[in-house]
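Next comes work_27.txt, a file with compact mmCIF, C-alpha atoms.
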```
# COMPACT_ATOMS: atom_id res chain seq x y z
CA MET F 183 129.48 56.35 168.52
CA ALA F 184 130.07 56.29 172.24
CA THR F 185 133.57 55.36 173.24
CA LYS F 186 134.48 53.45 176.36
CA GLU F 187 135.75 56.65 177.99
CA SER F 188 132.55 58.59 177.35
CA LYS F 189 130.50 55.69 178.63
CA LYS F 190 132.42 55.84 181.87
CA GLN F 191 131.78 59.58 182.00
CA ALA F 192 128.11 59.09 181.38
CA ALA F 193 127.93 56.70 184.31
CA ALA F 194 129.76 59.22 186.51
CA ALA F 195 127.42 62.00 185.40
CA ASP F 196 124.49 59.78 186.18
CA LYS F 197 125.82 59.27 189.69
CA MET F 198 126.31 63.01 190.10
CA GLU F 199 122.74 63.64 189.04
CA TRP F 200 121.52 61.29 191.71
CA ILE F 201 123.68 62.99 194.32
CA ILE F 202 122.20 66.38 193.43
CA ALA F 203 118.70 64.92 193.38
CA VAL F 204 119.21 63.48 196.88
CA LEU F 205 120.54 66.84 198.06
CA GLY F 206 117.49 68.54 196.57
CA MET F 207 115.20 66.07 198.29
CA ALA F 208 116.97 66.64 201.61
CA VAL F 209 116.73 70.43 201.32
CA LEU F 210 113.07 70.27 200.41
CA LEU F 211 112.16 67.84 203.18
CA VAL F 212 114.06 69.82 205.80
CA ALA F 213 112.27 73.01 204.75
CA LEU F 214 108.90 71.27 204.68
CA GLY F 215 109.53 69.63 208.04
CA PHE F 216 110.62 72.90 209.59
CA ILE F 217 107.57 74.79 208.33
CA LEU F 218 105.20 72.03 209.40
CA TYR F 219 106.86 71.74 212.80
CA ARG F 220 106.53 75.48 213.31
CA ALA F 221 102.89 75.38 212.21
CA VAL F 222 102.07 72.60 214.67
CA THR F 223 103.98 73.94 217.67
CA HIS F 224 103.00 77.50 216.87
CA GLU F 225 101.46 79.03 219.96
CA SER F 226 99.88 82.13 218.61
CA LYS F 227 101.45 84.98 220.52
CA PRO F 228 100.51 88.44 219.26
CA PRO F 229 103.34 90.76 218.26
CA ASP F 230 105.30 91.84 221.29
CA LEU F 231 107.42 94.79 220.34
CA SER F 232 110.24 96.38 222.25
CA VAL F 233 112.39 99.26 221.04
CA SER F 234 115.90 99.96 222.20
CA VAL F 235 118.19 102.83 221.30
CA GLU F 236 121.42 101.76 219.66
CA SER F 237 123.20 105.05 219.12
CA VAL F 238 122.73 108.82 218.90
CA GLU F 239 124.71 110.71 216.30
CA ARG F 240 124.88 114.18 214.88
CA GLY F 241 123.98 114.36 211.22
CA GLU F 242 123.17 116.88 208.49
CA GLN F 243 119.61 117.09 209.70
CA GLY F 244 120.15 117.48 213.41
CA TYR F 245 120.45 114.33 215.47
CA ARG F 246 119.85 110.80 214.42
CA VAL F 247 118.77 108.13 216.88
CA ASP F 248 119.26 104.58 215.63
CA PHE F 249 116.87 102.11 217.15
CA LEU F 250 116.32 98.40 217.10
CA VAL F 251 112.84 96.89 217.20
CA ASN F 252 112.52 93.38 218.51
CA ASN F 253 109.35 91.40 218.02
CA SER F 254 109.29 88.54 220.50
CA GLY F 255 105.77 87.42 219.57
CA THR F 256 105.02 84.65 217.09
CA GLN F 257 102.90 86.85 214.88
CA THR F 258 104.19 89.41 212.45
CA ALA F 259 103.39 93.09 212.85
CA ALA F 260 103.04 95.27 209.74
CA ALA F 261 103.16 99.06 209.37
CA VAL F 262 104.81 99.46 212.76
CA VAL F 263 104.83 103.07 213.91
CA ILE F 264 107.79 103.99 216.08
CA GLU F 265 107.27 107.15 218.12
CA GLY F 266 110.04 109.07 219.74
CA GLU F 267 109.68 111.97 222.12
CA LEU F 268 112.09 114.29 223.86
CA SER F 269 110.84 115.84 227.06
CA ASN F 270 112.15 118.12 229.72
CA GLY F 271 110.65 117.64 233.17
CA GLY F 272 107.40 116.27 231.79
CA GLN F 273 107.17 118.94 229.11
CA SER F 274 107.27 117.68 225.55
CA VAL F 275 110.06 119.29 223.57
CA GLU F 276 110.05 117.43 220.29
CA LYS F 277 108.38 114.48 218.65
CA SER F 278 109.47 112.32 215.77
CA ASN F 279 108.24 109.09 214.23
CA ALA F 280 109.13 106.43 211.73
CA THR F 281 107.18 103.58 210.12
CA LEU F 282 108.60 100.12 209.56
CA ALA F 283 106.93 98.07 206.83
CA TYR F 284 107.28 94.87 208.86
CA ALA F 285 108.51 93.54 212.15
CA PRO F 286 108.40 89.79 211.54
CA ALA F 287 107.88 87.28 214.35
CA ASN F 288 111.00 86.56 216.42
CA SER F 289 113.06 89.00 214.42
CA THR F 290 114.67 92.38 214.75
CA ARG F 291 114.46 95.39 212.48
CA ARG F 292 116.43 98.63 212.52
CA GLY F 293 115.52 102.22 211.80
CA GLY F 294 116.30 105.81 212.74
CA LEU F 295 114.57 108.90 214.07
CA TYR F 296 115.64 112.51 213.49
CA PHE F 297 115.48 115.23 216.11
CA THR F 298 116.58 118.84 215.82
CA ASN F 299 117.42 119.00 219.52
CA ASP F 300 120.19 116.95 221.03
CA PRO F 301 118.44 113.90 222.53
CA ARG F 302 121.23 113.50 225.07
CA LEU F 303 120.17 116.71 226.82
CA TYR F 304 116.58 115.55 227.34
CA GLU F 305 114.66 112.53 228.48
CA MET F 306 114.02 110.39 225.44
CA THR F 307 111.26 107.83 225.12
CA ILE F 308 111.01 105.61 222.06
CA ARG F 309 108.15 103.16 221.76
CA ALA F 310 106.09 101.28 219.21
CA GLY F 311 102.88 103.23 218.68
CA GLY F 312 100.89 100.61 216.85
CA PHE F 313 100.83 98.11 214.02
CA GLU F 314 98.65 96.46 211.44
CA LYS F 315 97.96 92.73 211.20
CA PRO F 316 99.33 91.59 207.86
CA MET P 203 146.98 78.95 162.98
CA ALA P 204 143.88 77.32 164.25
CA ILE P 205 143.59 76.82 167.97
CA GLN P 206 142.48 73.42 169.04
CA LEU P 207 139.47 73.83 171.33
CA PRO P 208 138.33 71.01 173.56
CA ARG P 209 135.30 69.60 171.92
CA ILE P 210 132.23 68.84 173.94
CA ASP P 211 129.91 66.40 172.38
CA PRO P 212 126.65 66.96 174.25
CA ILE P 213 125.29 63.54 173.40
CA ASN P 214 128.24 61.28 174.00
CA ASP P 215 130.13 63.25 176.60
CA GLY P 216 128.43 62.44 179.88
CA TYR P 217 129.75 65.35 181.90
CA GLY P 218 129.15 67.82 179.08
CA ARG P 219 125.53 66.83 178.75
CA PHE P 220 125.05 66.94 182.49
CA PHE P 221 126.46 70.44 182.83
CA ILE P 222 124.51 71.71 179.87
CA ASP P 223 121.31 70.35 181.44
CA LEU P 224 122.15 71.85 184.81
CA GLY P 225 123.07 75.20 183.31
CA ARG P 226 119.81 75.28 181.44
CA ALA P 227 117.89 74.44 184.61
CA ASN P 228 119.62 77.35 186.34
CA ALA P 229 118.74 79.71 183.53
CA GLY P 230 115.15 78.52 183.71
CA ALA P 231 114.96 79.04 187.45
CA VAL P 232 116.26 82.58 187.12
CA LEU P 233 114.14 83.48 184.11
CA PHE P 234 110.91 82.51 185.75
CA SER P 235 111.51 83.56 189.31
CA PHE P 236 113.13 86.95 188.71
CA PRO P 237 109.92 88.98 188.85
CA LEU P 238 109.00 87.24 192.08
CA LEU P 239 112.47 87.39 193.62
CA MET P 240 112.21 91.16 193.13
CA THR P 241 108.71 91.55 194.55
CA MET P 242 108.63 92.59 198.18
CA GLU P 243 105.20 91.10 198.80
CA MET P 244 106.78 87.76 197.98
CA TRP P 245 109.50 88.20 200.63
CA TRP P 246 106.87 89.12 203.20
CA LEU P 247 104.72 86.15 202.32
CA GLY P 248 107.63 83.91 203.24
CA PHE P 249 107.07 84.74 206.90
CA SER P 250 103.51 86.04 207.09
CA MET P 251 101.86 83.10 205.33
CA SER P 252 99.95 80.53 207.39
CA GLY P 253 102.26 77.61 208.16
CA TYR P 254 99.76 74.92 207.16
CA ARG P 255 98.96 76.55 203.84
CA PHE P 256 102.66 76.95 203.19
CA ALA P 257 103.31 73.28 203.90
CA LEU P 258 100.39 72.29 201.66
CA PHE P 259 101.79 74.49 198.90
CA ILE P 260 105.17 72.74 199.10
CA LEU P 261 103.52 69.31 199.19
CA LEU P 262 101.33 70.06 196.17
CA SER P 263 104.30 71.38 194.25
CA MET P 264 105.78 67.86 194.22
CA PRO P 265 103.17 66.13 192.03
CA LEU P 266 103.17 69.26 189.89
CA MET P 267 106.92 69.09 189.35
CA PHE P 268 106.70 65.38 188.76
CA GLY P 269 103.96 65.90 186.18
CA LEU P 270 105.97 68.59 184.45
CA SER P 271 108.94 66.27 184.26
CA TYR P 272 106.69 63.59 182.80
CA TYR P 273 105.29 65.88 180.12
CA ASP P 274 108.30 68.03 179.51
CA GLY P 275 111.46 68.45 181.51
CA PHE P 276 115.07 69.28 180.99
CA GLU P 277 116.05 65.79 180.16
CA ASP P 278 114.43 63.11 178.14
CA THR P 279 112.99 60.96 180.88
CA GLN P 280 112.05 57.41 180.22
CA THR P 281 111.39 55.85 183.57
CA PHE P 282 109.67 56.73 186.82
CA GLY P 283 113.06 57.04 188.50
CA ASP P 284 114.17 59.53 185.88
CA ASP P 285 111.22 61.78 186.64
CA VAL P 286 111.82 61.59 190.38
CA ARG P 287 115.47 62.43 189.92
CA GLU P 288 114.72 65.32 187.60
CA THR P 289 112.11 66.70 190.01
CA PHE P 290 114.53 66.87 192.91
CA ILE P 291 117.37 68.26 190.83
CA ALA P 292 115.00 71.07 189.88
CA TYR P 293 114.19 71.71 193.55
CA PHE P 294 117.87 71.80 194.37
CA VAL P 295 118.56 74.32 191.61
CA GLY P 296 115.56 76.39 192.74
CA PHE P 297 116.62 76.53 196.37
CA VAL P 298 120.22 77.40 195.54
CA ILE P 299 119.13 80.19 193.16
CA ALA P 300 116.58 81.57 195.65
CA ALA P 301 119.04 81.54 198.56
CA LEU P 302 121.78 83.15 196.49
CA MET P 303 119.62 85.86 194.95
CA LEU P 304 117.83 86.75 198.18
CA TYR P 305 121.19 87.03 199.91
CA LEU P 306 122.62 89.22 197.15
CA PHE P 307 119.54 91.45 197.13
CA GLY P 308 119.98 91.98 200.87
CA VAL P 309 116.61 90.41 201.58
CA ILE P 310 118.25 87.97 203.93
CA THR P 311 120.42 89.64 206.53
CA SER P 312 121.54 89.05 210.08
CA GLY P 313 119.03 89.62 212.85
CA MET P 314 116.41 87.56 211.07
CA SER P 315 114.96 84.54 212.76
CA LEU P 316 115.35 81.08 211.28
CA ASP P 317 111.61 81.11 210.55
CA GLU P 318 111.97 84.15 208.37
CA ILE P 319 115.02 82.91 206.49
CA VAL P 320 113.65 79.41 205.90
CA GLY P 321 110.26 80.84 204.92
CA LYS P 322 111.64 83.26 202.37
CA ILE P 323 114.04 80.79 200.77
CA SER P 324 111.49 77.95 200.73
CA LEU P 325 108.72 79.93 199.07
CA LEU P 326 110.93 81.35 196.35
CA GLY P 327 112.96 78.14 196.10
CA VAL P 328 109.89 76.10 195.24
CA ILE P 329 108.80 78.70 192.71
CA ALA P 330 112.26 78.86 191.15
CA GLY P 331 112.25 75.06 191.04
CA ILE P 332 109.00 75.08 189.09
CA GLY P 333 110.58 77.71 186.86
CA ALA P 334 113.62 75.50 186.31
CA MET P 335 111.34 72.74 185.13
CA PHE P 336 108.85 74.85 183.21
CA THR P 337 111.19 76.96 181.13
CA GLN P 338 112.85 73.90 179.71
CA SER P 339 110.29 73.84 176.96
CA LEU P 340 111.32 77.37 176.02
CA LEU P 341 115.07 76.87 176.14
CA GLY P 342 115.67 73.17 176.02
CA PRO P 343 116.61 71.00 173.08
CA ASN P 344 113.24 69.36 173.49
CA SER P 345 111.41 72.44 172.34
CA GLY P 346 109.82 72.27 168.95
CA MET P 347 110.51 69.33 166.69
CA ALA P 348 113.37 67.76 168.57
CA GLN P 349 111.16 66.74 171.45
CA SER P 350 110.86 63.04 171.82
CA ALA P 351 107.81 61.77 170.03
CA GLU P 352 106.54 59.94 173.05
CA LYS P 353 106.62 62.96 175.35
CA HIS P 354 105.01 65.06 172.73
CA LYS P 355 102.19 62.61 172.49
CA ARG P 356 101.76 62.50 176.25
CA SER P 357 101.29 66.24 176.49
CA LEU P 358 98.73 66.32 173.71
CA HIS P 359 96.18 64.04 175.32
CA TYR P 360 93.14 65.37 177.15
CA GLY P 361 94.57 64.87 180.66
CA GLY P 362 97.91 66.28 179.58
CA GLN P 363 96.27 69.34 178.10
CA LEU P 364 94.31 70.04 181.27
CA PHE P 365 97.40 69.49 183.41
CA LEU P 366 99.41 71.91 181.34
CA THR P 367 96.59 74.45 181.58
CA ALA P 368 96.72 74.22 185.35
CA VAL P 369 100.50 74.62 185.45
CA GLY P 370 100.50 77.53 183.04
CA ALA P 371 97.74 79.21 185.03
CA LEU P 372 99.71 78.76 188.23
CA PHE P 373 102.87 80.01 186.56
CA LEU P 374 101.43 83.33 185.40
CA SER P 375 98.95 84.03 188.18
CA MET P 376 101.58 83.54 190.87
CA SER P 377 103.63 86.44 189.61
CA VAL P 378 100.77 88.91 190.04
CA ALA P 379 98.73 87.37 192.86
CA PRO P 380 100.77 88.73 195.78
CA THR P 381 100.63 92.32 194.53
CA GLU P 382 98.29 94.96 195.88
CA GLU P 383 97.17 95.84 192.37
CA ILE P 384 95.06 92.71 191.94
CA MET P 385 92.95 93.81 194.89
CA LEU P 386 92.82 97.41 193.72
CA ILE P 387 91.70 96.39 190.23
CA SER P 388 88.87 94.31 191.64
CA TYR P 389 87.73 97.24 193.79
CA GLN P 390 87.76 99.55 190.79
CA MET P 391 85.66 97.28 188.62
CA SER P 392 81.89 97.29 188.61
CA ASP P 393 79.91 94.06 188.29
CA TRP P 394 79.50 94.69 184.57
CA HIS P 395 83.24 95.15 184.14
CA ILE P 396 83.79 91.83 185.90
CA LEU P 397 81.27 90.10 183.67
CA GLY P 398 82.92 91.60 180.60
CA LEU P 399 86.34 90.43 181.77
CA ALA P 400 85.04 86.90 182.35
CA VAL P 401 83.61 86.78 178.81
CA LEU P 402 86.85 88.15 177.37
CA THR P 403 88.88 85.60 179.34
CA ILE P 404 86.79 82.73 177.98
CA GLY P 405 87.21 84.14 174.47
CA VAL P 406 90.98 84.35 174.82
CA MET P 407 91.12 80.82 176.22
CA HIS P 408 89.08 79.51 173.33
CA ARG P 409 91.48 81.06 170.82
CA PHE P 410 94.42 79.38 172.51
CA ILE P 411 92.61 76.07 172.68
CA TYR P 412 91.63 76.29 169.05
CA ALA P 413 95.27 76.91 168.11
CA ALA P 414 96.42 74.02 170.31
CA ASP P 415 93.80 71.82 168.69
CA GLN P 416 95.30 72.51 165.28
CA LYS P 417 98.62 71.33 166.67
CA ARG P 418 97.02 68.21 168.08
CA ARG P 419 95.40 67.42 164.76
CA LYS P 420 98.68 67.83 163.00
CA HIS P 421 100.10 65.18 165.29
CA GLU P 422 96.99 63.10 164.78
CA VAL P 423 96.17 62.81 168.43
CA VAL P 424 92.61 63.81 167.74
CA ARG P 425 90.80 63.38 164.49
CA GLU P 426 87.81 65.63 164.16
CA SER P 427 86.24 67.93 166.65
CA SER P 428 83.68 70.62 166.01
CA GLY P 429 84.06 74.12 167.40
CA SER P 430 81.24 73.76 169.88
CA SER P 431 82.41 70.43 171.23
CA LEU P 432 85.85 71.98 171.69
CA PHE P 433 84.25 74.85 173.54
CA PHE P 434 82.39 72.68 176.01
CA ARG P 435 84.94 69.90 176.36
CA LEU P 436 88.03 72.04 176.67
CA THR P 437 87.40 75.76 176.98
CA LEU P 438 84.81 75.70 179.75
CA VAL P 439 86.59 72.93 181.64
CA SER P 440 89.86 74.84 181.32
CA TYR P 441 88.24 78.03 182.58
CA ALA P 442 86.90 76.17 185.59
CA ILE P 443 90.44 74.87 186.28
CA VAL P 444 91.84 78.37 185.86
CA LEU P 445 89.38 79.81 188.38
CA LEU P 446 90.20 77.02 190.83
CA ILE P 447 93.93 77.73 190.50
CA SER P 448 93.23 81.44 190.91
CA PHE P 449 91.29 80.73 194.10
CA TYR P 450 93.95 78.36 195.40
CA ILE P 451 96.76 80.87 194.94
CA LEU P 452 94.79 83.70 196.57
CA TRP P 453 93.83 81.42 199.45
CA THR P 454 97.41 80.21 199.91
CA PHE P 455 98.76 83.75 199.98
CA GLY P 456 95.95 84.77 202.34
CA SER P 457 94.92 87.63 200.06
CA ILE P 458 91.19 87.00 200.24
CA ASP P 459 90.91 86.12 203.92
CA GLY P 460 88.07 87.92 205.59
CA MET P 461 86.52 89.16 202.37
CA GLY P 462 82.88 88.83 201.43
CA LEU P 463 81.82 86.14 198.96
CA GLU P 464 81.11 88.56 196.13
CA GLU P 465 84.36 90.43 196.65
CA ARG P 466 86.27 87.16 196.65
CA LEU P 467 84.66 86.08 193.42
CA LYS P 468 85.62 89.36 191.81
CA VAL P 469 89.29 88.99 192.75
CA ILE P 470 89.28 85.38 191.55
CA ILE P 471 87.92 86.45 188.15
CA VAL P 472 90.43 89.30 187.90
CA LEU P 473 93.35 86.97 188.66
CA GLY P 474 91.72 84.42 186.35
CA PHE P 475 92.62 86.59 183.38
CA PRO P 476 96.42 86.31 183.59
CA ALA P 477 95.94 82.72 184.73
CA ALA P 478 93.94 81.92 181.59
CA VAL P 479 96.55 83.51 179.35
CA GLY P 480 99.26 81.46 181.07
CA GLY P 481 97.19 78.30 180.89
CA GLY P 482 96.36 78.79 177.25
CA ALA P 483 99.91 79.67 176.24
CA SER P 484 101.47 76.70 178.01
CA ARG P 485 99.54 74.22 175.86
CA LEU P 486 100.93 75.84 172.76
CA ILE P 487 104.48 76.00 174.06
CA ILE P 488 104.82 72.52 175.48
```
Could you write out this file's structure as C-alpha cells?
Amino acid sequence: MATKESKKQAAAADKMEWIIAVLGMAVLLVALGFILYRAVTHESKPPDLSVSVESVERGEQGYRVDFLVNNSGTQTAAAVVIEGELSNGGQSVEKSNATLAYAPANSTRRGGLYFTNDPRLYEMTIRAGGFEKP
Amino acid sequence: MAIQLPRIDPINDGYGRFFIDLGRANAGAVLFSFPLLMTMEMWWLGFSMSGYRFALFILLSMPLMFGLSYYDGFEDTQTFGDDVRETFIAYFVGFVIAALMLYLFGVITSGMSLDEIVGKISLLGVIAGIGAMFTQSLLGPNSGMAQSAEKHKRSLHYGGQLFLTAVGALFLSMSVAPTEEIMLISYQMSDWHILGLAVLTIGVMHRFIYAADQKRRKHEVVRESSGSSLFFRLTLVSYAIVLLISFYILWTFGSIDGMGLEERLKVIIVLGFPAAVGGGASRLII
C-alpha cells in the first residue's frame, strides 16, 4: 500500500519526468531547427581547401611536417590527397603525400608528411591535390 | 549481524521507479546504438547527409517513437500525455548518450564546425533514442507476461503488427545500411542470386509471421486464418513495407544516389534481407 510519503515522492518523480521530457523536446527541436536552417540557407559552395604548415620536427623516420587542412566551402571533400614537395631552385628534391578520409565543410583536419631531407633547408610547398565528392 | 539495506520498492517508491526506468532507457540506448556509434560511416553521414533528408528523418522519427511508446515503451503509458512524455525522455537519453560516447571515442574534437558536431550528435542521438524505446521490450518489466494486457492487445492487431514490422525493419537495416559492404554485396550478386535472396527473404518473413500468428491466436486476437490468407494478408504486405523502409534508409543516407534503376533495386533487395529479419523478429518480441 502506498504511504503518504511515497505518494509525495511519486508526484515529485512525475514532475522530474516532465522536466526531462521538456529538456529532450528542447534538444530535439534545437537540433532540428539548426539542421533545417542550415539546409535552407545553405549556399552550395564546393570544397575550398587550404593547407598550412603547423610545425616541422625531426622524428625516427626523418622529418615530420604537421599540417592543417581547412575547408572553407560548404561541401565536404572526401579522400583528400595532400601533396608535399621539397625543391631547390626549381628542382624537385623530394615528394611526399598523405590522404585524409574527410575534410568536412567549415572544418579543419590535421595530418603529417614525412621527408628524409630537412624541409627547412629547401623550399616546401604543401597543397591539396584533389578530393572525391562523398 | 545483518546489515540493514535501504529498501527500494519499485512500485510504491516514486523516485526508485523513476530511476529504474531511466537506467533501463540508458541501457537500451547504449545496447542498440553501440554498433552504429562505432561505425565511421555513421559519423561521416552526420555531416555529409543532405540537410533536408536529415530534417525529414528527424521529423519522421517522432511519430515512430510515439508509436513505439504506444505499443511498448519503458513505462506503462495510459494517456496521450504519457506517450508524449515518454517519447521526449527517450530523445533526451539518446542525445546525452550519443554526445557522451562520441566525445569519449574522440569523434568529436576541437576544430570541428558546429554543423559537424550538431550533425553527428543529432543523427546518433535520434537512433539511440529509438534504441532506448525499442529495447524496453527486451529488458523492461513489460516483456513477456507482465506486460499490461491492453498494450499487448494493441500490438497484436493488424495495424500494430505492420507498424512493428516497419520499426523492426528500420532498426536492423539501419545498422548495416551505411556500410560499404551492402553496395559490394549487391555488385557481387547476379540477377539470379538477387531473385533467390528475395524468395528466401519472403520465406523467412513468412516463418516469423506464422510464429507471431500462433501468439496472436493464443491471445485470441484472431480466430482462424489459413496459411494462404496469412501469406497474402501479412507476409506480402510486410515484405512491401520492408522494401519501402529499405529504400527510405538508403535514400536518406544518400547511398543509392546516381545509381541506375536496376542497381538500386538490387541494393534495396539486399538490404531488405536484414530488414525483414528485424521486422519479423520485432513482432515476436513485442
**Request:** Using only C-alpha atoms, find which residues of chain F lie within 10 Å of chain P and jot them down as an MDAnalysis selection string.
**Result:** chainID F and resid 183:185 187:196 198:222 224 252 256:260 283:292 315:316
Those residues with C-alpha atoms, as a tab-separated table (two decimals), keeping the file's coordinate frame please?
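Now in part_12.tsv:
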```tsv
chain	number	residue	atom	x	y	z
F	183	MET	CA	129.48	56.35	168.52
F	184	ALA	CA	130.07	56.29	172.24
F	185	THR	CA	133.57	55.36	173.24
F	187	GLU	CA	135.75	56.65	177.99
F	188	SER	CA	132.55	58.59	177.35
F	189	LYS	CA	130.50	55.69	178.63
F	190	LYS	CA	132.42	55.84	181.87
F	191	GLN	CA	131.78	59.58	182.00
F	192	ALA	CA	128.11	59.09	181.38
F	193	ALA	CA	127.93	56.70	184.31
F	194	ALA	CA	129.76	59.22	186.51
F	195	ALA	CA	127.42	62.00	185.40
F	196	ASP	CA	124.49	59.78	186.18
F	198	MET	CA	126.31	63.01	190.10
F	199	GLU	CA	122.74	63.64	189.04
F	200	TRP	CA	121.52	61.29	191.71
F	201	ILE	CA	123.68	62.99	194.32
F	202	ILE	CA	122.20	66.38	193.43
F	203	ALA	CA	118.70	64.92	193.38
F	204	VAL	CA	119.21	63.48	196.88
F	205	LEU	CA	120.54	66.84	198.06
F	206	GLY	CA	117.49	68.54	196.57
F	207	MET	CA	115.20	66.07	198.29
F	208	ALA	CA	116.97	66.64	201.61
F	209	VAL	CA	116.73	70.43	201.32
F	210	LEU	CA	113.07	70.27	200.41
F	211	LEU	CA	112.16	67.84	203.18
F	212	VAL	CA	114.06	69.82	205.80
F	213	ALA	CA	112.27	73.01	204.75
F	214	LEU	CA	108.90	71.27	204.68
F	215	GLY	CA	109.53	69.63	208.04
F	216	PHE	CA	110.62	72.90	209.59
F	217	ILE	CA	107.57	74.79	208.33
F	218	LEU	CA	105.20	72.03	209.40
F	219	TYR	CA	106.86	71.74	212.80
F	220	ARG	CA	106.53	75.48	213.31
F	221	ALA	CA	102.89	75.38	212.21
F	222	VAL	CA	102.07	72.60	214.67
F	224	HIS	CA	103.00	77.50	216.87
F	252	ASN	CA	112.52	93.38	218.51
F	256	THR	CA	105.02	84.65	217.09
F	257	GLN	CA	102.90	86.85	214.88
F	258	THR	CA	104.19	89.41	212.45
F	259	ALA	CA	103.39	93.09	212.85
F	260	ALA	CA	103.04	95.27	209.74
F	283	ALA	CA	106.93	98.07	206.83
F	284	TYR	CA	107.28	94.87	208.86
F	285	ALA	CA	108.51	93.54	212.15
F	286	PRO	CA	108.40	89.79	211.54
F	287	ALA	CA	107.88	87.28	214.35
F	288	ASN	CA	111.00	86.56	216.42
F	289	SER	CA	113.06	89.00	214.42
F	290	THR	CA	114.67	92.38	214.75
F	291	ARG	CA	114.46	95.39	212.48
F	292	ARG	CA	116.43	98.63	212.52
F	315	LYS	CA	97.96	92.73	211.20
F	316	PRO	CA	99.33	91.59	207.86
```
**Request:** Figure out the distance between CA of Ser235 (chain P) and CA of Ile329 (chain P), please, to one decimal in Å.
**Result:** 6.5 Å
**Request:** Do a neighbour search on region 301-310 of chain F at 7 Å with all atoms listed in the file, toss out local chain neighbours closer than 4 positions, and write the hits as a ChimeraX atom specification.
**Result:** /F:231,233,262-270
Those same residues - C-alpha atoms - I'd like them written as an mmCIF file, in the frame of the given file.
```
data_model
loop_
_atom_site.group_PDB
_atom_site.id
_atom_site.type_symbol
_atom_site.label_atom_id
_atom_site.label_comp_id
_atom_site.auth_asym_id
_atom_site.auth_seq_id
_atom_site.Cartn_x
_atom_site.Cartn_y
_atom_site.Cartn_z
ATOM 1 C CA LEU F 231 107.420 94.790 220.340
ATOM 2 C CA VAL F 233 112.390 99.260 221.040
ATOM 3 C CA VAL F 262 104.810 99.460 212.760
ATOM 4 C CA VAL F 263 104.830 103.070 213.910
ATOM 5 C CA ILE F 264 107.790 103.990 216.080
ATOM 6 C CA GLU F 265 107.270 107.150 218.120
ATOM 7 C CA GLY F 266 110.040 109.070 219.740
ATOM 8 C CA GLU F 267 109.680 111.970 222.120
ATOM 9 C CA LEU F 268 112.090 114.290 223.860
ATOM 10 C CA SER F 269 110.840 115.840 227.060
ATOM 11 C CA ASN F 270 112.150 118.120 229.720
#
```
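With only C-alpha atoms taken into account, the protein and nucleic acid residues at most 9 Å from Leu445 (chain P) (excluding it and anything under 6 positions from it in its own chain) are P:Ile470, P:Ile471, P:Leu473, P:Gly474, P:Ala477, P:Ala478.
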**Prompt:** By how many Å are CA of Ile451 (chain P) and CA of Leu282 (chain F) apart?
**Reply:**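 A separation of 26.9 Å between them.
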Please give the centre and size of the box around region 244-254 of chain F (axis-aligned, containing every atom listed in the file, 6 Å added per side), with values in Å to one decimal and written as AutoDock Vina command-line options.
```
--center_x 114.9 --center_y 103.0 --center_z 217.0 --size_x 23.2 --size_y 40.9 --size_z 19.1
```
**Request:** Mind giving me the straight-line distance from CA of Glu225 (chain F) to CA of Gly255 (chain F) in Å, one decimal?
**Result:**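 We find that CA of Glu225 (chain F) and CA of Gly255 (chain F) lie 9.4 Å from each other.
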**Message:** as a PyMOL selection string, please: the residues near Leu452 (chain P) (cut-off 9 Å, all atoms listed in the file, same-chain neighbours under 2 positions excluded).
**Reply:** chain P and resi 376+379-380+447-450+454-459+469-470+473
**Message:** Env of Asp248 (chain F): 7 Å cut, atoms = all atoms listed in the file, seq-sep filter 3 positions within chain, self excluded. Answer as a ChimeraX atom specification.
**Reply:** /F:235-238,293-295
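Nearest residue to Glu314 (chain F) among F:Ser234, F:Gln273, F:Thr281, F:Ser254 is F:Thr281, counting all atoms listed in the file.
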**Prompt:** Which is closest to Leu270 (chain P) among P:Phe336, P:Thr367, P:Phe236, P:Asp223, if we use all atoms listed in the file?
**Reply:** P:Phe336
**Message:** Between P:Ile310, P:Ile387, P:Met267, P:Val472, which residue has the minimum interatomic distance to Leu366 (chain P), considering only C-alpha atoms?
**Reply:**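 The closest residue to Leu366 (chain P) is P:Met267.
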**Proximity to Ala400 (chain P) - best of P:Ala330, P:Leu239, P:Leu467, P:Ile299, only C-alpha atoms** =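 Once distances to Ala400 (chain P) are computed over only C-alpha atoms, the minimum belongs to P:Leu467.
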